[in-house]
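Source file: start_25.pdb; contents: PDB, C-alpha atoms and all ligand atoms.
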```pdb
ATOM      1  CA  ALA A   1       0.000   0.000   0.000
ATOM      2  CA  THR A   2       1.055   3.586  -0.499
ATOM      3  CA  THR A   3       0.222   5.162   2.855
ATOM      4  CA  LEU A   4       1.312   4.454   6.428
ATOM      5  CA  GLY A   5      -2.184   3.619   7.647
ATOM      6  CA  ALA A   6      -3.102   1.326   4.760
ATOM      7  CA  SER A   7       0.252  -0.480   4.917
ATOM      8  CA  ALA A   8      -0.054  -1.006   8.671
ATOM      9  CA  ALA A   9      -3.638  -2.233   8.193
ATOM     10  CA  GLU A  10      -2.419  -4.899   5.758
ATOM     11  CA  LYS A  11      -0.355  -6.216   8.667
ATOM     12  CA  GLY A  12      -3.282  -5.994  11.079
ATOM     13  CA  ARG A  13      -1.889  -2.889  12.797
ATOM     14  CA  TYR A  14      -2.769   0.788  13.007
ATOM     15  CA  PHE A  15      -0.463   3.722  12.276
ATOM     16  CA  GLY A  16      -1.384   6.835  14.226
ATOM     17  CA  ALA A  17      -0.349  10.397  14.958
ATOM     18  CA  ALA A  18      -0.743  12.713  17.917
ATOM     19  CA  ILE A  19      -2.792  15.664  16.744
ATOM     20  CA  ALA A  20      -3.902  19.052  18.052
ATOM     21  CA  ALA A  21      -7.479  20.321  17.796
ATOM     22  CA  GLY A  22      -6.176  23.787  16.988
ATOM     23  CA  LYS A  23      -4.594  22.510  13.765
ATOM     24  CA  LEU A  24      -7.716  20.899  12.300
ATOM     25  CA  ASN A  25      -8.235  24.006  10.187
ATOM     26  CA  ASP A  26      -4.711  23.828   8.689
ATOM     27  CA  SER A  27      -5.355  22.224   5.310
ATOM     28  CA  ASN A  28      -1.765  21.063   4.761
ATOM     29  CA  TYR A  29      -1.886  19.306   8.147
ATOM     30  CA  VAL A  30      -5.323  17.785   7.687
ATOM     31  CA  THR A  31      -4.521  16.545   4.182
ATOM     32  CA  ILE A  32      -1.581  14.533   5.528
ATOM     33  CA  LEU A  33      -3.556  13.341   8.544
ATOM     34  CA  ASN A  34      -6.483  12.078   6.463
ATOM     35  CA  ARG A  35      -4.272  10.479   3.821
ATOM     36  CA  GLU A  36      -1.661   8.722   5.982
ATOM     37  CA  PHE A  37      -3.060   7.851   9.399
ATOM     38  CA  ASN A  38      -5.802   5.554  10.697
ATOM     39  CA  SER A  39      -5.447   6.332  14.396
ATOM     40  CA  VAL A  40      -5.069   9.521  16.403
ATOM     41  CA  THR A  41      -4.065  10.536  19.914
ATOM     42  CA  PRO A  42      -5.071  13.977  21.204
ATOM     43  CA  GLU A  43      -1.695  15.547  22.049
ATOM     44  CA  ASN A  44      -3.031  17.574  25.008
ATOM     45  CA  GLU A  45      -6.827  17.779  24.771
ATOM     46  CA  MET A  46      -7.710  14.823  27.030
ATOM     47  CA  LYS A  47      -5.270  15.649  29.832
ATOM     48  CA  TRP A  48      -6.614  16.538  33.273
ATOM     49  CA  ASP A  49      -5.943  20.290  32.956
ATOM     50  CA  ALA A  50      -7.828  20.341  29.635
ATOM     51  CA  THR A  51     -10.839  18.208  30.595
ATOM     52  CA  GLU A  52     -11.473  19.374  34.187
ATOM     53  CA  PRO A  53     -10.080  22.912  34.445
ATOM     54  CA  SER A  54     -12.055  23.545  37.605
ATOM     55  CA  ARG A  55     -13.106  20.842  40.003
ATOM     56  CA  GLY A  56     -16.258  19.049  38.901
ATOM     57  CA  SER A  57     -16.610  21.177  35.772
ATOM     58  CA  PHE A  58     -15.722  19.328  32.600
ATOM     59  CA  SER A  59     -14.657  20.713  29.262
ATOM     60  CA  TYR A  60     -14.660  18.391  26.287
ATOM     61  CA  ALA A  61     -15.010  20.623  23.203
ATOM     62  CA  ASN A  62     -11.456  20.228  21.878
ATOM     63  CA  ALA A  63     -11.255  16.514  22.629
ATOM     64  CA  ASP A  64     -14.694  15.979  21.081
ATOM     65  CA  ARG A  65     -13.530  17.781  17.930
ATOM     66  CA  ILE A  66     -10.626  15.341  17.574
ATOM     67  CA  VAL A  67     -12.734  12.263  18.330
ATOM     68  CA  SER A  68     -15.376  13.250  15.817
ATOM     69  CA  HIS A  69     -12.812  14.079  13.115
ATOM     70  CA  ALA A  70     -11.227  10.673  13.650
ATOM     71  CA  ARG A  71     -14.310   8.509  13.978
ATOM     72  CA  SER A  72     -16.122  10.052  11.028
ATOM     73  CA  ARG A  73     -13.129   8.974   8.917
ATOM     74  CA  GLY A  74     -12.767   5.496  10.366
ATOM     75  CA  MET A  75      -9.700   6.302  12.465
ATOM     76  CA  SER A  76      -9.402   4.795  15.943
ATOM     77  CA  VAL A  77      -8.603   6.950  18.979
ATOM     78  CA  ARG A  78      -6.051   6.495  21.754
ATOM     79  CA  GLY A  79      -7.250   8.362  24.828
ATOM     80  CA  HIS A  80      -4.335  10.123  26.555
ATOM     81  CA  THR A  81      -4.325  10.260  29.545
ATOM     82  CA  LEU A  82      -6.538   9.735  32.617
ATOM     83  CA  ALA A  83      -4.030   9.894  35.497
ATOM     84  CA  TRP A  84      -0.607  11.575  35.331
ATOM     85  CA  HIS A  85       1.564  13.696  37.625
ATOM     86  CA  SER A  86       1.974  16.344  34.914
ATOM     87  CA  GLN A  87      -0.499  18.734  33.251
ATOM     88  CA  GLN A  88      -2.835  18.577  36.227
ATOM     89  CA  PRO A  89      -5.104  21.576  36.801
ATOM     90  CA  GLY A  90      -3.941  23.863  39.607
ATOM     91  CA  TRP A  91      -6.779  22.774  41.901
ATOM     92  CA  ALA A  92      -5.653  19.127  41.700
ATOM     93  CA  GLN A  93      -1.985  19.993  42.204
ATOM     94  CA  SER A  94      -2.893  21.482  45.549
ATOM     95  CA  LEU A  95      -4.848  18.418  46.773
ATOM     96  CA  SER A  96      -3.464  15.420  48.630
ATOM     97  CA  GLY A  97      -4.469  12.251  50.429
ATOM     98  CA  SER A  98      -8.010  10.935  50.238
ATOM     99  CA  THR A  99      -9.310  14.178  48.733
ATOM    100  CA  LEU A 100      -6.939  13.843  45.780
ATOM    101  CA  ARG A 101      -7.706  10.128  45.496
ATOM    102  CA  SER A 102     -11.453  10.817  45.217
ATOM    103  CA  ALA A 103     -10.826  13.613  42.744
ATOM    104  CA  MET A 104      -8.777  11.222  40.592
ATOM    105  CA  VAL A 105     -11.448   8.519  40.719
ATOM    106  CA  ASN A 106     -14.176  11.005  39.840
ATOM    107  CA  HIS A 107     -12.063  12.417  37.005
ATOM    108  CA  ILE A 108     -11.469   8.984  35.499
ATOM    109  CA  THR A 109     -15.134   8.020  35.846
ATOM    110  CA  GLN A 110     -16.396  11.210  34.253
ATOM    111  CA  VAL A 111     -13.950  11.338  31.338
ATOM    112  CA  ALA A 112     -14.069   7.635  30.498
ATOM    113  CA  THR A 113     -17.877   7.737  30.690
ATOM    114  CA  HIS A 114     -18.081  10.762  28.405
ATOM    115  CA  PHE A 115     -16.079   8.930  25.723
ATOM    116  CA  ARG A 116     -17.447   5.457  26.488
ATOM    117  CA  GLY A 117     -17.473   3.225  23.412
ATOM    118  CA  GLN A 118     -15.399   5.633  21.304
ATOM    119  CA  ILE A 119     -11.868   4.952  22.526
ATOM    120  CA  TYR A 120      -9.817   1.999  21.254
ATOM    121  CA  THR A 121      -7.163   2.329  23.964
ATOM    122  CA  TRP A 122      -6.918   4.481  27.070
ATOM    123  CA  ASP A 123      -3.562   5.439  28.538
ATOM    124  CA  VAL A 124      -5.055   5.047  31.998
ATOM    125  CA  VAL A 125      -1.854   5.887  33.864
ATOM    126  CA  ASN A 126       1.104   7.739  32.370
ATOM    127  CA  GLU A 127       4.721   7.915  33.581
ATOM    128  CA  ALA A 128       4.294   6.582  37.120
ATOM    129  CA  PHE A 129       7.736   4.961  37.394
ATOM    130  CA  ALA A 130      11.019   6.652  38.275
ATOM    131  CA  ASP A 131      14.086   6.862  36.052
ATOM    132  CA  GLY A 132      17.345   5.404  37.258
ATOM    133  CA  GLY A 133      18.330   2.130  38.814
ATOM    134  CA  GLY A 134      15.734   1.617  41.517
ATOM    135  CA  GLY A 135      12.865   0.305  39.411
ATOM    136  CA  GLY A 136      10.349   1.950  41.725
ATOM    137  CA  ARG A 137       7.597   4.498  41.526
ATOM    138  CA  ARG A 138       8.094   8.151  40.737
ATOM    139  CA  ASP A 139       7.254  10.479  43.603
ATOM    140  CA  SER A 140       4.119  12.525  42.857
ATOM    141  CA  ASN A 141       1.006  13.765  44.581
ATOM    142  CA  LEU A 142      -0.844  10.725  43.177
ATOM    143  CA  GLN A 143       1.823   8.292  44.413
ATOM    144  CA  ARG A 144       1.631   9.868  47.874
ATOM    145  CA  THR A 145      -2.070   8.903  48.039
ATOM    146  CA  GLY A 146      -0.919   5.269  48.358
ATOM    147  CA  ASN A 147       0.838   2.665  46.239
ATOM    148  CA  ASP A 148      -2.502   1.227  45.110
ATOM    149  CA  TRP A 149      -3.419   4.367  43.146
ATOM    150  CA  ILE A 150      -2.511   2.726  39.822
ATOM    151  CA  GLU A 151      -4.734  -0.313  40.289
ATOM    152  CA  VAL A 152      -7.556   1.890  41.530
ATOM    153  CA  ALA A 153      -7.201   3.958  38.351
ATOM    154  CA  PHE A 154      -7.385   0.834  36.163
ATOM    155  CA  ARG A 155     -10.404  -0.618  37.983
ATOM    156  CA  THR A 156     -12.182   2.729  37.738
ATOM    157  CA  ALA A 157     -11.481   3.029  34.002
ATOM    158  CA  ARG A 158     -12.682  -0.544  33.362
ATOM    159  CA  ALA A 159     -15.962   0.119  35.168
ATOM    160  CA  ALA A 160     -16.590   3.320  33.197
ATOM    161  CA  ASP A 161     -15.616   2.070  29.717
ATOM    162  CA  PRO A 162     -15.536  -1.735  29.686
ATOM    163  CA  GLY A 163     -14.915  -1.941  25.927
ATOM    164  CA  ALA A 164     -11.680   0.051  25.846
ATOM    165  CA  LYS A 165      -8.229  -1.492  25.969
ATOM    166  CA  LEU A 166      -6.521  -0.178  29.119
ATOM    167  CA  CYS A 167      -2.835   0.689  28.845
ATOM    168  CA  TYR A 168      -0.023   1.708  31.175
ATOM    169  CA  ASN A 169       2.253   4.153  29.262
ATOM    170  CA  ASP A 170       5.818   5.344  29.984
ATOM    171  CA  TYR A 171       9.166   6.520  28.535
ATOM    172  CA  ASN A 172      12.772   5.285  28.918
ATOM    173  CA  THR A 173      11.252   1.835  28.971
ATOM    174  CA  ASP A 174      12.366   0.910  25.460
ATOM    175  CA  GLY A 175      15.063  -1.552  26.472
ATOM    176  CA  ILE A 176      15.278  -4.040  29.303
ATOM    177  CA  ASN A 177      16.355  -1.810  32.202
ATOM    178  CA  PRO A 178      15.424  -1.288  35.859
ATOM    179  CA  LYS A 179      12.524   1.046  34.982
ATOM    180  CA  SER A 180      10.955  -1.271  32.386
ATOM    181  CA  THR A 181      11.509  -4.216  34.724
ATOM    182  CA  GLY A 182       9.689  -2.388  37.525
ATOM    183  CA  ILE A 183       6.730  -1.941  35.167
ATOM    184  CA  TYR A 184       7.026  -5.554  34.025
ATOM    185  CA  ASN A 185       6.770  -6.694  37.641
ATOM    186  CA  MET A 186       3.712  -4.482  38.203
ATOM    187  CA  VAL A 187       1.974  -5.915  35.123
ATOM    188  CA  ALA A 188       2.789  -9.481  36.199
ATOM    189  CA  ASP A 189       1.330  -8.715  39.635
ATOM    190  CA  PHE A 190      -1.813  -7.135  38.107
ATOM    191  CA  LYS A 191      -2.338 -10.182  35.889
ATOM    192  CA  ALA A 192      -1.850 -12.514  38.865
ATOM    193  CA  ARG A 193      -4.356 -10.602  41.015
ATOM    194  CA  GLY A 194      -6.934  -9.870  38.311
ATOM    195  CA  VAL A 195      -6.384  -6.113  38.180
ATOM    196  CA  PRO A 196      -7.664  -5.095  34.720
ATOM    197  CA  ILE A 197      -4.811  -4.176  32.361
ATOM    198  CA  ASP A 198      -4.716  -4.922  28.629
ATOM    199  CA  CYS A 199      -1.608  -3.286  27.267
ATOM    200  CA  VAL A 200       1.598  -1.400  27.848
ATOM    201  CA  GLY A 201       2.559   1.680  25.826
ATOM    202  CA  PHE A 202       6.172   2.428  25.000
ATOM    203  CA  GLN A 203       6.523   6.128  24.260
ATOM    204  CA  SER A 204       9.780   5.651  22.328
ATOM    205  CA  HIS A 205      11.124   9.206  22.297
ATOM    206  CA  LEU A 206      14.470   8.286  20.749
ATOM    207  CA  THR A 207      17.671   9.868  19.486
ATOM    208  CA  ASN A 208      19.826   8.179  16.838
ATOM    209  CA  SER A 209      19.420   4.653  18.148
ATOM    210  CA  VAL A 210      17.039   2.157  19.669
ATOM    211  CA  PRO A 211      18.180  -0.336  22.326
ATOM    212  CA  GLY A 212      19.282  -3.674  20.834
ATOM    213  CA  ASP A 213      16.830  -5.465  23.110
ATOM    214  CA  TYR A 214      13.815  -3.324  22.116
ATOM    215  CA  GLN A 215      11.997  -6.199  20.419
ATOM    216  CA  ALA A 216      12.884  -8.603  23.237
ATOM    217  CA  ASN A 217      11.501  -6.083  25.717
ATOM    218  CA  LEU A 218       8.199  -5.755  23.821
ATOM    219  CA  GLN A 219       8.039  -9.550  23.618
ATOM    220  CA  ARG A 220       8.571 -10.122  27.342
ATOM    221  CA  PHE A 221       5.582  -7.882  28.088
ATOM    222  CA  ALA A 222       3.490  -9.631  25.425
ATOM    223  CA  ASN A 223       4.395 -12.929  27.088
ATOM    224  CA  LEU A 224       2.673 -11.688  30.258
ATOM    225  CA  GLY A 225      -0.603 -11.655  28.296
ATOM    226  CA  VAL A 226      -0.889  -7.960  27.445
ATOM    227  CA  ASP A 227      -0.745  -6.136  24.127
ATOM    228  CA  VAL A 228       2.000  -3.631  23.451
ATOM    229  CA  GLN A 229       1.816  -0.371  21.501
ATOM    230  CA  ILE A 230       4.401   2.180  20.366
ATOM    231  CA  THR A 231       2.665   5.306  21.588
ATOM    232  CA  GLU A 232       4.695   8.506  21.110
ATOM    233  CA  LEU A 233       7.377   7.681  18.577
ATOM    234  CA  ASP A 234       9.744  10.435  17.508
ATOM    235  CA  ILE A 235      13.406  10.038  16.609
ATOM    236  CA  ALA A 236      16.025  12.785  16.471
ATOM    237  CA  GLY A 237      19.432  12.538  14.846
ATOM    238  CA  SER A 238      21.162  11.706  11.598
ATOM    239  CA  ASN A 239      20.379   7.974  11.809
ATOM    240  CA  GLN A 240      16.682   8.764  11.983
ATOM    241  CA  ALA A 241      15.469   6.829   8.935
ATOM    242  CA  ASN A 242      17.228   3.598   9.938
ATOM    243  CA  VAL A 243      15.936   3.794  13.484
ATOM    244  CA  TYR A 244      12.346   4.350  12.301
ATOM    245  CA  ALA A 245      12.648   1.212  10.147
ATOM    246  CA  SER A 246      14.054  -0.759  13.039
ATOM    247  CA  VAL A 247      11.245   0.295  15.418
ATOM    248  CA  VAL A 248       8.609  -0.672  12.825
ATOM    249  CA  ASN A 249      10.299  -4.040  12.250
ATOM    250  CA  SER A 250      10.334  -4.731  15.992
ATOM    251  CA  CYS A 251       6.612  -4.011  16.321
ATOM    252  CA  LEU A 252       5.776  -6.185  13.325
ATOM    253  CA  ALA A 253       7.857  -9.032  14.777
ATOM    254  CA  VAL A 254       5.760  -9.082  17.964
ATOM    255  CA  SER A 255       2.296 -10.417  17.216
ATOM    256  CA  ARG A 256       0.772  -8.579  20.173
ATOM    257  CA  CYS A 257       2.137  -5.198  19.013
ATOM    258  CA  ASN A 258      -1.106  -3.512  17.866
ATOM    259  CA  GLY A 259       0.367  -0.472  16.170
ATOM    260  CA  LEU A 260       2.510   2.634  16.273
ATOM    261  CA  THR A 261       1.789   6.300  16.875
ATOM    262  CA  VAL A 262       4.152   9.135  15.945
ATOM    263  CA  TRP A 263       4.064  12.137  18.284
ATOM    264  CA  GLY A 264       3.073  14.741  15.698
ATOM    265  CA  ILE A 265       2.832  15.008  11.921
ATOM    266  CA  ARG A 266       5.339  17.615  10.634
ATOM    267  CA  ASP A 267       8.645  18.552  12.260
ATOM    268  CA  SER A 268       7.120  21.953  12.940
ATOM    269  CA  ASP A 269       4.392  20.263  14.994
ATOM    270  CA  SER A 270       6.844  18.452  17.289
ATOM    271  CA  TRP A 271       7.183  19.191  21.008
ATOM    272  CA  ARG A 272      10.941  18.535  20.482
ATOM    273  CA  THR A 273      11.568  21.974  19.044
ATOM    274  CA  GLY A 274      14.468  22.157  16.616
ATOM    275  CA  GLN A 275      15.089  18.400  16.617
ATOM    276  CA  ASN A 276      13.020  17.545  13.510
ATOM    277  CA  PRO A 277      12.135  14.078  14.803
ATOM    278  CA  LEU A 278       9.045  13.353  12.662
ATOM    279  CA  LEU A 279       8.207  11.894   9.229
ATOM    280  CA  PHE A 280       7.186  15.083   7.381
ATOM    281  CA  ASP A 281       9.119  18.342   7.130
ATOM    282  CA  GLY A 282       7.647  21.698   8.070
ATOM    283  CA  SER A 283       6.088  22.061   4.621
ATOM    284  CA  GLY A 284       4.499  18.632   4.791
ATOM    285  CA  ASN A 285       6.948  16.909   2.432
ATOM    286  CA  LYS A 286       7.789  13.261   3.058
ATOM    287  CA  LYS A 287      11.263  12.818   4.577
ATOM    288  CA  ALA A 288      13.674   9.895   4.154
ATOM    289  CA  ALA A 289      12.349   8.699   7.502
ATOM    290  CA  TYR A 290       8.865   8.488   5.959
ATOM    291  CA  THR A 291      10.079   6.317   3.089
ATOM    292  CA  ALA A 292      12.030   4.059   5.450
ATOM    293  CA  THR A 293       8.946   3.678   7.637
ATOM    294  CA  LEU A 294       6.609   2.942   4.739
ATOM    295  CA  ASN A 295       9.055   0.425   3.270
ATOM    296  CA  ALA A 296       9.361  -1.353   6.620
ATOM    297  CA  LEU A 297       5.566  -1.677   7.007
TER     298      LEU A 297
HETATM  299  C1  LIG B 301       3.656  16.821  25.414
HETATM  300  C2  LIG B 301       2.982  17.609  24.296
HETATM  301  O1  LIG B 301       3.489  17.143  23.060
HETATM  302  C3  LIG B 301       3.258  19.082  24.461
HETATM  303  O2  LIG B 301       2.475  19.841  23.530
HETATM  304  C4  LIG B 301       2.926  19.550  25.877
HETATM  305  O3  LIG B 301       3.303  20.897  26.038
HETATM  306  C5  LIG B 301       3.631  18.688  26.905
HETATM  307  O4  LIG B 301       3.287  17.328  26.686
HETATM  308  N1  LIG B 301       5.062  12.288  27.273
HETATM  309  C6  LIG B 301       3.685  12.289  27.159
HETATM  310  C7  LIG B 301       3.010  13.339  26.361
HETATM  311  O5  LIG B 301       3.031  11.345  27.635
HETATM  312  O6  LIG B 301       1.752  13.697  26.888
HETATM  313  C8  LIG B 301       3.870  14.582  26.248
HETATM  314  O7  LIG B 301       3.227  15.475  25.343
HETATM  315  C9  LIG B 301       5.259  14.230  25.775
HETATM  316  C10 LIG B 301       5.940  13.305  26.763
END
```
Mind turning this structure into structure tokens?
Ligand code: XIL
Amino acid sequence: ATTLGASAAEKGRYFGAAIAAGKLNDSNYVTILNREFNSVTPENEMKWDATEPSRGSFSYANADRIVSHARSRGMSVRGHTLAWHSQQPGWAQSLSGSTLRSAMVNHITQVATHFRGQIYTWDVVNEAFADGGGGGRRDSNLQRTGNDWIEVAFRTARAADPGAKLCYNDYNTDGINPKSTGIYNMVADFKARGVPIDCVGFQSHLTNSVPGDYQANLQRFANLGVDVQITELDIAGSNQANVYASVVNSCLAVSRCNGLTVWGIRDSDSWRTGQNPLLFDGSGNKKAAYTATLNAL
């Protein structure tokens, strides 16, 4: 096939992009989106600060715009994200303990209920593990509500939207390392105790290389009985095209890898300003990385 989405679909996968509601009137952007991608992730529009700017008052217009653009064109949606230490509204940042815990549960219930039936995968919890050698949790206001906050988040999401695939999502988890092993142990424990979890997302914000054990890492999670997804792929550096091909090949080699999402469309859309880590240049032209990706699919 001649597009990323159609080629991925031939292999039973999706190929997605993170998109911004504010760019849906940019015709260059939308032309590429509609031609190449069959999945989207709202880049910011479903985060806590966007969906519940004041406590108990929900704001869905921008997220709804993305979901309706996607679904009317047959694209699936990754919901990102229900519980995260970052991009919380100010009112939540100042809460703690059982008050914060109830606010989190209510937030998840409300948002997942609003979008019930429309989301292929939810990133239920994002970036809850610490970097470095310890393999433990990151400190955050949510973590300080008790170590069980992650399983509570997953159970709450399952109750609100039973048809969605529920994912744990993180970065610096691409290879087998203490952080990814900490997450691996959590997933194994959840599976053993019946805590609902369906997949693990690997953000894959990379520069010039991908760990040699990337595929083996995806496979060890798949072997626990969860799907895996490449959720926020972007790759800086001169070896970009080769690394894109290698990431695609790794996903295709793991039968439980459902698909890949790039974190933006054009280099000018990237959060990694000046690093040009995406598949299209600022004018929307296909880069060498695009061709390498398409050829690998
Ligand atoms: C980034 C967005 O791309 C930016 O627009 C925003 O200012 C900050 O967040 N990990 C994640 C994403 O899970 O939500 C982040 O997105 C990038 C890192």
Where does the PyMOL selection byres (((chain A and resi 120) around 9) and not hetatm) land in this file, that is, which residues does it pick, as a PyMOL selection string? chain A and resi 76-79+117-119+121-122+163-166
Selected residue, from A:Gly74, A:Gly134, A:Gly274, A:Gly264, that lies nearest to Gly237 in chain A when counting only C-alpha atoms: A:Gly274
Have a look at CA of Asp131 in chain A and CA of Lys179 in chain A and let me know their distance in Å, one decimal.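 Value for the CA of Asp131 in chain A-CA of Lys179 in chain A distance: 6.1 Å.
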Spell out the residues picked by the PyMOL selection byres (((not hetatm)) within 9 of (chain B and resi 301)) here, as a list in words. Ala18, Ala20, Pro42, Glu43, Asn44, Lys47, His80, Thr81, Trp84, Ser86, Gln87, Asp123, Asn126, Glu127, Asn169, Asp170, Tyr171, Gln203, His205, Thr231, Glu232, Trp263, Gly264, Asp269, Ser270, Trp271 and Arg272 of chain A
How far is it from CA of Thr41 in chain A to CA of Ala70 in chain A, in Å with one decimal?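 Separating CA of Thr41 in chain A from CA of Ala70 in chain A is a distance of 9.5 Å.
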For Gly97 in chain A, find every residue with an atom within 10 Å (counting all atoms listed in the file), except residues of its own chain fewer than 3 positions away, and show them as a PyMOL selection string. chain A and resi 100-102+141-146
On this structure, the PyMOL selection byres (((chain A and resi 151) around 12) and not hetatm) would catch which residues? List them as a PDB file with C-alpha atoms, in the frame of the given file, sorted by chain and number.
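Result file is selection-v2.pdb:
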```pdb
ATOM      1  CA  ALA A  83      -4.030   9.894  35.497  1.00  0.00           C
ATOM      2  CA  VAL A 105     -11.448   8.519  40.719  1.00  0.00           C
ATOM      3  CA  VAL A 124      -5.055   5.047  31.998  1.00  0.00           C
ATOM      4  CA  VAL A 125      -1.854   5.887  33.864  1.00  0.00           C
ATOM      5  CA  ALA A 128       4.294   6.582  37.120  1.00  0.00           C
ATOM      6  CA  GLN A 143       1.823   8.292  44.413  1.00  0.00           C
ATOM      7  CA  GLY A 146      -0.919   5.269  48.358  1.00  0.00           C
ATOM      8  CA  ASN A 147       0.838   2.665  46.239  1.00  0.00           C
ATOM      9  CA  ASP A 148      -2.502   1.227  45.110  1.00  0.00           C
ATOM     10  CA  TRP A 149      -3.419   4.367  43.146  1.00  0.00           C
ATOM     11  CA  ILE A 150      -2.511   2.726  39.822  1.00  0.00           C
ATOM     12  CA  VAL A 152      -7.556   1.890  41.530  1.00  0.00           C
ATOM     13  CA  ALA A 153      -7.201   3.958  38.351  1.00  0.00           C
ATOM     14  CA  PHE A 154      -7.385   0.834  36.163  1.00  0.00           C
ATOM     15  CA  ARG A 155     -10.404  -0.618  37.983  1.00  0.00           C
ATOM     16  CA  THR A 156     -12.182   2.729  37.738  1.00  0.00           C
ATOM     17  CA  ALA A 157     -11.481   3.029  34.002  1.00  0.00           C
ATOM     18  CA  ARG A 158     -12.682  -0.544  33.362  1.00  0.00           C
ATOM     19  CA  LEU A 166      -6.521  -0.178  29.119  1.00  0.00           C
ATOM     20  CA  CYS A 167      -2.835   0.689  28.845  1.00  0.00           C
ATOM     21  CA  TYR A 168      -0.023   1.708  31.175  1.00  0.00           C
ATOM     22  CA  MET A 186       3.712  -4.482  38.203  1.00  0.00           C
ATOM     23  CA  VAL A 187       1.974  -5.915  35.123  1.00  0.00           C
ATOM     24  CA  ASP A 189       1.330  -8.715  39.635  1.00  0.00           C
ATOM     25  CA  PHE A 190      -1.813  -7.135  38.107  1.00  0.00           C
ATOM     26  CA  LYS A 191      -2.338 -10.182  35.889  1.00  0.00           C
ATOM     27  CA  ARG A 193      -4.356 -10.602  41.015  1.00  0.00           C
ATOM     28  CA  GLY A 194      -6.934  -9.870  38.311  1.00  0.00           C
ATOM     29  CA  VAL A 195      -6.384  -6.113  38.180  1.00  0.00           C
ATOM     30  CA  PRO A 196      -7.664  -5.095  34.720  1.00  0.00           C
ATOM     31  CA  ILE A 197      -4.811  -4.176  32.361  1.00  0.00           C
TER      32      ILE A 197
END
```
Put a box with edges along x, y and z around all the listed atoms of range 244-255 of chain A, pad it by 6 Å on each side, then give me its centre and sizes in Å, one decimal, as AutoDock Vina command-line options.
```
--center_x 8.2 --center_y -3.0 --center_z 14.1 --size_x 23.8 --size_y 26.8 --size_z 19.8
```
